[in-house]
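Shown below: input21.cif, with mmCIF, C-alpha atoms.
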```
data_my_file
#
loop_
_atom_site.label_atom_id
_atom_site.label_comp_id
_atom_site.auth_asym_id
_atom_site.auth_seq_id
_atom_site.Cartn_x
_atom_site.Cartn_y
_atom_site.Cartn_z
CA MET A 1 123.83 120.17 95.86
CA THR A 2 124.41 117.24 98.22
CA ILE A 3 121.25 116.14 99.96
CA LEU A 4 121.40 115.56 103.71
CA ASN A 5 119.77 112.27 104.69
CA GLY A 6 118.28 111.60 108.10
CA MET A 7 120.01 109.17 110.47
CA SER A 8 117.80 108.23 113.39
CA VAL A 9 117.85 105.91 116.40
CA ASP A 10 114.69 104.75 118.19
CA VAL A 11 115.88 104.55 121.80
CA GLU A 12 114.03 101.85 123.71
CA GLU A 13 114.88 98.81 125.80
CA TRP A 14 115.07 95.36 124.23
CA PHE A 15 111.88 94.40 126.07
CA GLN A 16 109.82 97.40 124.91
CA VAL A 17 109.56 96.46 121.25
CA GLY A 18 106.29 95.81 119.46
CA ALA A 19 107.26 92.18 118.84
CA PHE A 20 107.08 91.47 122.58
CA GLU A 21 104.19 93.72 123.57
CA ARG A 22 101.85 90.74 124.08
CA THR A 23 104.51 88.61 125.76
CA ILE A 24 106.16 90.95 128.29
CA ASP A 25 103.92 92.89 130.68
CA LYS A 26 104.73 96.56 131.24
CA ASP A 27 104.46 95.98 134.98
CA ASP A 28 107.55 93.77 134.70
CA TRP A 29 109.75 96.26 132.84
CA ASP A 30 111.55 97.63 135.90
CA ARG A 31 112.50 94.08 136.96
CA LEU A 32 114.19 93.22 133.66
CA ASP A 33 117.83 93.68 132.68
CA SER A 34 118.27 97.27 131.48
CA ARG A 35 120.70 97.43 128.55
CA VAL A 36 119.61 100.64 126.80
CA ALA A 37 122.35 102.86 128.26
CA THR A 38 125.15 100.46 127.31
CA ASN A 39 123.76 99.81 123.85
CA THR A 40 123.12 103.48 123.10
CA SER A 41 126.63 104.29 124.25
CA MET A 42 127.91 101.83 121.64
CA VAL A 43 125.87 103.67 119.01
CA LEU A 44 127.25 107.02 120.18
CA ASP A 45 130.79 105.67 119.89
CA LEU A 46 130.05 104.48 116.35
CA PHE A 47 128.72 107.90 115.37
CA GLY A 48 131.76 109.51 116.97
CA GLU A 49 134.11 107.32 114.93
CA THR A 50 132.34 108.16 111.67
CA GLY A 51 131.60 111.83 112.38
CA VAL A 52 127.83 111.44 111.94
CA LYS A 53 125.25 113.48 113.85
CA ALA A 54 121.86 111.87 114.31
CA THR A 55 118.47 112.16 115.99
CA PHE A 56 117.65 109.91 118.94
CA PHE A 57 113.89 109.37 119.14
CA THR A 58 113.73 108.42 122.81
CA LEU A 59 110.98 107.07 125.03
CA GLY A 60 110.12 109.32 127.95
CA TRP A 61 110.21 106.16 130.12
CA VAL A 62 113.89 105.75 129.20
CA ALA A 63 114.76 109.42 129.71
CA HIS A 64 113.17 109.40 133.16
CA ARG A 65 115.45 106.54 134.23
CA HIS A 66 118.63 107.39 132.30
CA SER A 67 119.09 111.17 132.42
CA ALA A 68 122.89 110.85 132.14
CA LEU A 69 122.46 109.06 128.82
CA ILE A 70 120.24 111.85 127.51
CA ARG A 71 122.80 114.45 128.57
CA ARG A 72 125.53 112.51 126.77
CA ILE A 73 123.49 112.40 123.56
CA VAL A 74 122.88 116.15 123.69
CA GLY A 75 126.48 116.87 124.67
CA ALA A 76 127.73 115.00 121.62
CA GLY A 77 125.75 117.29 119.32
CA HIS A 78 122.89 114.94 118.49
CA GLU A 79 119.19 115.78 118.56
CA ILE A 80 116.83 114.45 121.21
CA ALA A 81 113.28 113.89 119.94
CA SER A 82 110.22 112.13 121.29
CA HIS A 83 109.24 108.51 120.78
CA GLY A 84 106.29 108.80 123.14
CA TRP A 85 106.20 107.74 126.79
CA ASP A 86 106.16 103.94 126.87
CA HIS A 87 105.86 102.71 123.27
CA GLN A 88 102.07 102.63 123.14
CA ARG A 89 100.93 102.67 119.55
CA VAL A 90 99.12 105.85 118.54
CA PHE A 91 96.17 104.06 116.94
CA THR A 92 95.34 102.47 120.32
CA MET A 93 94.82 105.94 121.89
CA THR A 94 92.23 108.66 121.68
CA ALA A 95 93.34 112.16 120.70
CA ASP A 96 93.26 113.25 124.34
CA GLN A 97 95.29 110.23 125.45
CA PHE A 98 97.80 110.94 122.70
CA ARG A 99 98.13 114.55 123.84
CA ALA A 100 98.77 113.39 127.42
CA ASP A 101 101.34 110.85 126.23
CA LEU A 102 103.16 113.56 124.27
CA ALA A 103 103.22 115.89 127.29
CA GLN A 104 104.54 113.24 129.68
CA ALA A 105 107.30 112.17 127.30
CA ARG A 106 108.35 115.70 126.39
CA ALA A 107 108.61 116.73 130.06
CA ALA A 108 110.92 113.79 130.80
CA LEU A 109 113.07 114.40 127.73
CA GLU A 110 113.44 118.14 128.26
CA ASP A 111 114.12 117.74 131.98
CA ALA A 112 116.86 115.21 131.27
CA GLY A 113 118.44 116.90 128.25
CA GLY A 114 117.94 120.57 129.03
CA VAL A 115 116.95 121.28 125.42
CA ALA A 116 113.63 121.79 123.66
CA VAL A 117 112.05 118.82 121.88
CA SER A 118 110.46 119.59 118.50
CA GLY A 119 110.42 116.23 116.70
CA TYR A 120 108.32 113.11 117.17
CA ARG A 121 108.26 109.51 115.94
CA ALA A 122 105.30 107.29 116.72
CA PRO A 123 106.09 103.89 118.27
CA SER A 124 105.96 101.23 115.55
CA PHE A 125 105.15 103.95 112.97
CA SER A 126 101.59 103.92 114.27
CA ILE A 127 100.32 107.12 112.68
CA ASP A 128 98.24 105.91 109.77
CA ALA A 129 94.77 106.08 108.23
CA ARG A 130 93.26 105.15 111.62
CA THR A 131 94.58 108.35 113.26
CA PRO A 132 93.28 111.31 111.20
CA TRP A 133 93.65 113.52 114.30
CA ALA A 134 97.30 112.72 115.13
CA HIS A 135 99.09 115.29 112.99
CA ARG A 136 96.68 117.99 114.18
CA VAL A 137 97.53 117.19 117.81
CA LEU A 138 101.27 117.29 117.04
CA ALA A 139 100.91 120.69 115.37
CA GLU A 140 98.85 122.06 118.26
CA GLU A 141 101.47 120.84 120.73
CA GLY A 142 104.20 122.75 118.88
CA TYR A 143 106.06 119.96 117.10
CA SER A 144 107.81 121.08 113.94
CA TYR A 145 108.13 117.66 112.32
CA SER A 146 107.03 114.06 112.61
CA SER A 147 108.73 110.95 111.25
CA SER A 148 105.94 108.56 112.11
CA VAL A 149 104.76 107.05 108.85
CA ALA A 150 105.98 103.91 107.10
CA PRO A 151 104.54 104.06 103.56
CA VAL A 152 104.37 100.26 103.24
CA ALA A 153 101.95 97.41 103.83
CA HIS A 154 103.06 95.35 106.86
CA ASP A 155 101.35 93.08 109.36
CA HIS A 156 102.34 95.29 112.33
CA TYR A 157 102.14 98.78 110.81
CA GLY A 158 102.13 100.78 107.62
CA TRP A 159 100.21 103.38 105.61
CA ARG A 160 100.72 102.25 102.03
CA ASP A 161 98.65 105.07 100.53
CA SER A 162 100.55 107.88 102.23
CA PRO A 163 103.10 109.91 100.25
CA ARG A 164 106.47 108.19 99.98
CA PHE A 165 108.54 111.33 100.61
CA ALA A 166 108.24 114.43 102.83
CA TRP A 167 104.76 115.95 102.91
CA ARG A 168 102.62 118.51 104.70
CA PRO A 169 99.71 116.75 106.44
CA LEU A 170 97.93 120.02 107.38
CA ALA A 171 97.22 122.88 105.01
CA ASP A 172 97.16 125.44 107.82
CA ALA A 173 100.27 124.34 109.77
CA THR A 174 103.98 124.11 109.08
CA LEU A 175 104.29 120.59 110.51
CA ILE A 176 106.11 118.31 108.08
CA GLU A 177 105.94 114.51 107.93
CA LEU A 178 109.16 112.72 107.03
CA PRO A 179 108.31 109.07 106.24
CA VAL A 180 110.96 106.40 106.65
CA SER A 181 112.63 105.40 103.41
CA THR A 182 111.49 102.60 101.18
CA ALA A 183 112.94 100.94 98.09
CA GLU A 184 110.77 100.35 95.03
CA LEU A 185 111.74 97.45 92.78
CA ALA A 186 109.55 95.81 90.14
CA ARG A 187 106.51 97.73 91.43
CA ARG A 188 107.07 96.39 94.91
CA ARG A 189 107.74 98.74 97.81
CA MET A 190 109.99 97.49 100.60
CA ALA A 191 110.99 98.90 103.99
CA VAL A 192 114.74 99.03 104.58
CA GLY A 193 115.44 100.23 108.15
CA GLY A 194 115.71 98.38 111.45
CA GLY A 195 115.20 94.65 111.16
CA PHE A 196 114.85 94.89 107.38
CA PHE A 197 118.37 96.33 107.24
CA ARG A 198 119.70 93.49 109.38
CA LEU A 199 117.98 90.75 107.39
CA LEU A 200 118.15 92.03 103.82
CA PRO A 201 121.12 93.03 101.62
CA ALA A 202 122.46 96.48 102.51
CA ALA A 203 122.23 97.39 98.82
CA LEU A 204 118.45 97.75 99.25
CA THR A 205 119.00 100.62 101.69
CA ASP A 206 121.39 102.25 99.22
CA ILE A 207 118.72 101.94 96.53
CA ALA A 208 116.12 103.53 98.83
CA VAL A 209 118.39 106.47 99.66
CA ARG A 210 119.35 107.02 96.03
CA GLN A 211 115.73 106.87 94.91
CA SER A 212 114.81 109.48 97.53
CA ASN A 213 117.69 111.72 96.50
CA ARG A 214 116.90 111.43 92.80
CA ALA A 215 113.36 112.57 93.62
CA GLY A 216 114.86 115.62 95.36
CA HIS A 217 114.20 114.38 98.90
CA ALA A 218 116.17 113.11 101.86
CA GLY A 219 116.42 109.46 102.76
CA MET A 220 115.28 108.56 106.28
CA PHE A 221 117.00 105.63 108.00
CA TYR A 222 116.28 104.21 111.44
CA PHE A 223 117.47 101.46 113.78
CA HIS A 224 117.42 100.59 117.50
CA PRO A 225 120.22 100.35 120.08
CA TRP A 226 119.23 96.77 120.98
CA GLU A 227 120.06 95.77 117.39
CA VAL A 228 123.80 96.05 118.13
CA ASP A 229 123.51 93.77 121.19
CA PRO A 230 123.79 90.06 120.28
CA ALA A 231 124.10 89.14 123.97
CA GLN A 232 120.70 90.50 125.01
CA PRO A 233 118.34 88.14 126.91
CA ARG A 234 116.13 85.77 124.93
CA VAL A 235 112.37 85.73 125.45
CA ALA A 236 111.64 82.03 125.43
CA ASN A 237 107.85 82.25 125.26
CA ALA A 238 107.66 84.81 122.45
CA PRO A 239 106.05 83.76 119.14
CA LEU A 240 108.49 82.21 116.68
CA ARG A 241 107.96 85.00 114.14
CA SER A 242 108.77 87.61 116.79
CA LYS A 243 111.95 85.76 117.76
CA LEU A 244 113.10 85.50 114.16
CA ARG A 245 112.49 89.21 113.55
CA HIS A 246 114.10 90.35 116.78
CA TYR A 247 117.19 88.15 117.11
CA SER A 248 118.28 87.35 113.55
CA ARG A 249 121.68 88.74 112.48
CA LEU A 250 122.22 90.95 115.52
CA GLY A 251 125.93 90.20 115.29
CA ALA A 252 126.11 91.64 111.78
CA MET A 253 124.39 94.92 112.58
CA ALA A 254 127.31 97.04 113.82
CA GLY A 255 129.46 96.26 110.80
CA LYS A 256 126.66 96.92 108.35
CA LEU A 257 125.90 100.22 110.06
CA ARG A 258 129.52 101.35 109.99
CA ALA A 259 129.67 100.73 106.24
CA LEU A 260 126.33 102.45 105.61
CA LEU A 261 127.40 105.56 107.51
CA GLY A 262 130.27 105.99 105.07
CA ARG A 263 128.23 105.62 101.90
CA HIS A 264 125.82 108.58 102.18
CA HIS A 265 125.60 112.06 103.64
CA TRP A 266 123.84 111.72 107.03
CA GLY A 267 122.65 114.20 109.63
CA ARG A 268 120.06 115.12 112.25
CA VAL A 269 116.40 114.89 111.37
CA ASP A 270 115.66 118.48 112.44
CA ALA A 271 118.19 119.61 109.82
CA VAL A 272 116.54 117.36 107.24
CA ALA A 273 113.13 118.84 108.11
CA GLN A 274 114.51 122.35 107.62
CA GLN A 275 116.03 121.30 104.29
CA GLU A 276 112.76 119.78 103.06
CA ARG A 277 110.73 122.77 104.24
CA HIS A 278 113.09 125.14 102.38
CA TRP A 279 112.66 123.19 99.15
#
```
Please express what this file holds, its structure, as structure tokens.
Amino acid sequence: MTILNGMSVDVEEWFQVGAFERTIDKDDWDRLDSRVATNTSMVLDLFGETGVKATFFTLGWVAHRHSALIRRIVGAGHEIASHGWDHQRVFTMTADQFRADLAQARAALEDAGGVAVSGYRAPSFSIDARTPWAHRVLAEEGYSYSSSVAPVAHDHYGWRDSPRFAWRPLADATLIELPVSTAELARRRMAVGGGFFRLLPAALTDIAVRQSNRAGHAGMFYFHPWEVDPAQPRVANAPLRSKLRHYSRLGAMAGKLRALLGRHHWGRVDAVAQQERHW
């Protein structure tokens, strides 16, 4: 049986990323050059060319301002899921604040797309050991799956001790967690999506997907629309490490993605969740 792997896009503006959260003030967002609609349209065209359906984990902030984009995503047969309201990391919130963030984002997404939202991805994979209440809140709010955990050690995020593949965080709920894929080589675990995919050999992503599939689980890949936009504005006063992570090899991303889409069996994350739950 061919395993369906999850293809996902974290829909956010170039200025909303974690790398710039201490450099660009949220109060300035509406004054900056919005490129998310154009960049996401490029991603939609790429999926259309390759026949891939995907899940677009979208900020409520974006959906509120770009309802036509959300309708286009839904109209093309892709899934709309939540990425929270404005990219605030979950471990910086209380449980009540998280619940309010979920409600605000879901209302914007469902109003724009006209479809129910049942999936969630935490900004910067910020569900970890510091948020023991997060999965409970998601279950209580009616989410069927989360893809919010990166089972790696990283300076910005990561929950190295979490399960590497799909798992049930709550014994009394059907909510399933679908961690993003990692590759394990020589006892070292490496992330492979997003900037890692841009900067590292694409073969590492293939290894991660194959390792997941050999274990009887789906691979889970992610990237961002701004990663296919080499012409995006440069943030001159950002830390050097942030600039290197954000801007390196943007011009190579579209070609690498097109090749990756042809090498594995990809689909929406809600379908992957159903597949994992059935197994």
So the first atom is atom CA of Thr131 of chain A and the second is atom CA of Thr174 of chain A; what is the distance between them in Å, to one decimal place? 18.8 Å
Of the residues A:Pro132, A:Pro151, A:Pro225, A:Gly119, which is the one nearest to Gln16 of chain A, using all atoms listed in the file? A:Pro225
Starting from the displayed file, determine the output of the PyMOL selection byres ((chain A and resi 246) around 10) and express the residue list as a PDB file with C-alpha atoms, in the coordinates of the input.
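That gives us expr04.pdb:
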```
ATOM      1  CA  TRP A  14     115.070  95.360 124.230  1.00  0.00           C
ATOM      2  CA  VAL A  17     109.560  96.460 121.250  1.00  0.00           C
ATOM      3  CA  GLY A  18     106.290  95.810 119.460  1.00  0.00           C
ATOM      4  CA  ALA A  19     107.260  92.180 118.840  1.00  0.00           C
ATOM      5  CA  PHE A  20     107.080  91.470 122.580  1.00  0.00           C
ATOM      6  CA  GLY A 194     115.710  98.380 111.450  1.00  0.00           C
ATOM      7  CA  GLY A 195     115.200  94.650 111.160  1.00  0.00           C
ATOM      8  CA  ARG A 198     119.700  93.490 109.380  1.00  0.00           C
ATOM      9  CA  TRP A 226     119.230  96.770 120.980  1.00  0.00           C
ATOM     10  CA  GLU A 227     120.060  95.770 117.390  1.00  0.00           C
ATOM     11  CA  ARG A 234     116.130  85.770 124.930  1.00  0.00           C
ATOM     12  CA  VAL A 235     112.370  85.730 125.450  1.00  0.00           C
ATOM     13  CA  LEU A 240     108.490  82.210 116.680  1.00  0.00           C
ATOM     14  CA  ARG A 241     107.960  85.000 114.140  1.00  0.00           C
ATOM     15  CA  SER A 242     108.770  87.610 116.790  1.00  0.00           C
ATOM     16  CA  LYS A 243     111.950  85.760 117.760  1.00  0.00           C
ATOM     17  CA  LEU A 244     113.100  85.500 114.160  1.00  0.00           C
ATOM     18  CA  ARG A 245     112.490  89.210 113.550  1.00  0.00           C
ATOM     19  CA  TYR A 247     117.190  88.150 117.110  1.00  0.00           C
ATOM     20  CA  SER A 248     118.280  87.350 113.550  1.00  0.00           C
ATOM     21  CA  ARG A 249     121.680  88.740 112.480  1.00  0.00           C
ATOM     22  CA  LEU A 250     122.220  90.950 115.520  1.00  0.00           C
TER      23      LEU A 250
END
```
For Arg89 of chain A, which of A:Ser148, A:Thr55, A:Thr40, A:Thr50 is the closest residue, counting all atoms listed in the file?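 So, comparing all the options, the nearest one is A:Ser148.
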Explicit residue set for the PyMOL selection byres ((chain A and resi 203) around 12), as a ChimeraX atom specification: /A:183,192-193,196-202,204-210,256,259-260,263
Using the chain letters and numbers from this file, what does the PyMOL selection byres ((chain A and resi 10) around 8) select? Give the answer as a PDB file with C-alpha atoms, in the coordinates of the input.
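The resulting result_16.pdb:
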```
ATOM      1  CA  SER A   8     117.800 108.230 113.390  1.00  0.00           C
ATOM      2  CA  VAL A   9     117.850 105.910 116.400  1.00  0.00           C
ATOM      3  CA  VAL A  11     115.880 104.550 121.800  1.00  0.00           C
ATOM      4  CA  GLU A  12     114.030 101.850 123.710  1.00  0.00           C
ATOM      5  CA  PHE A  56     117.650 109.910 118.940  1.00  0.00           C
ATOM      6  CA  PHE A  57     113.890 109.370 119.140  1.00  0.00           C
ATOM      7  CA  THR A  58     113.730 108.420 122.810  1.00  0.00           C
ATOM      8  CA  HIS A  83     109.240 108.510 120.780  1.00  0.00           C
ATOM      9  CA  TYR A 222     116.280 104.210 111.440  1.00  0.00           C
ATOM     10  CA  PHE A 223     117.470 101.460 113.780  1.00  0.00           C
ATOM     11  CA  HIS A 224     117.420 100.590 117.500  1.00  0.00           C
ATOM     12  CA  PRO A 225     120.220 100.350 120.080  1.00  0.00           C
TER      13      PRO A 225
END
```
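Look at everything within 10 Å of (107.5, 97.4, 129.4) using only C-alpha atoms, and the residues you get are Glu12, Glu13, Trp14, Phe15, Gln16, Val17, Phe20, Glu21, Thr23, Ile24, Asp25, Lys26, Asp27, Asp28, Trp29, Asp30, Arg31, Leu32, Trp61, Asp86, His87 and Gln88 of chain A.
Taking atom CA of Ala218 of chain A and atom CA of His265 of chain A as the two end points, the separation is 9.7 Å.
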Kindly extract all protein, DNA and RNA residues lying within 12 Å of the coordinates (115.4, 118.8, 131.4) given in the file, considering all atoms listed in the file, and supply them as a ChimeraX atom specification. /A:60,63-64,66-68,70-71,74,80,105-117
Selection: 12 Å around Glu276 of chain A, only C-alpha atoms, excl. self and same-chain fewer than 3 positions, as a ChimeraX atom specification: /A:3-6,145,165-168,174-178,212-213,215-220,269-273,279
Please identify all polymer residues within 8 Å of segment 125-130 of chain A, counting only C-alpha atoms, omitting same-chain residues fewer than 6 positions from it, and present them as JSON, numbers by chain. {"A": [89, 90, 91, 148, 149, 150, 157, 158, 159]}
Taking into account only C-alpha atoms, which residue in the set A:Gly84, A:Pro123, A:Pro169, A:Pro163 is nearest to Ser144 of chain A?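 Counting only C-alpha atoms, the residue closest to Ser144 of chain A is A:Pro169.
Of note, atom CA of Tyr120 of chain A and atom CA of Gly262 of chain A are spaced 26.1 Å apart.
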With 5 Å added on each side, what axis-aligned box encloses every listed atom of segment 208-223 of chain A? Give the centre and edge lengths in Å to one decimal, as JSON.
```
{"center_x": 116.4, "center_y": 108.5, "center_z": 103.3, "size_x": 16.0, "size_y": 24.2, "size_z": 31.0}
```
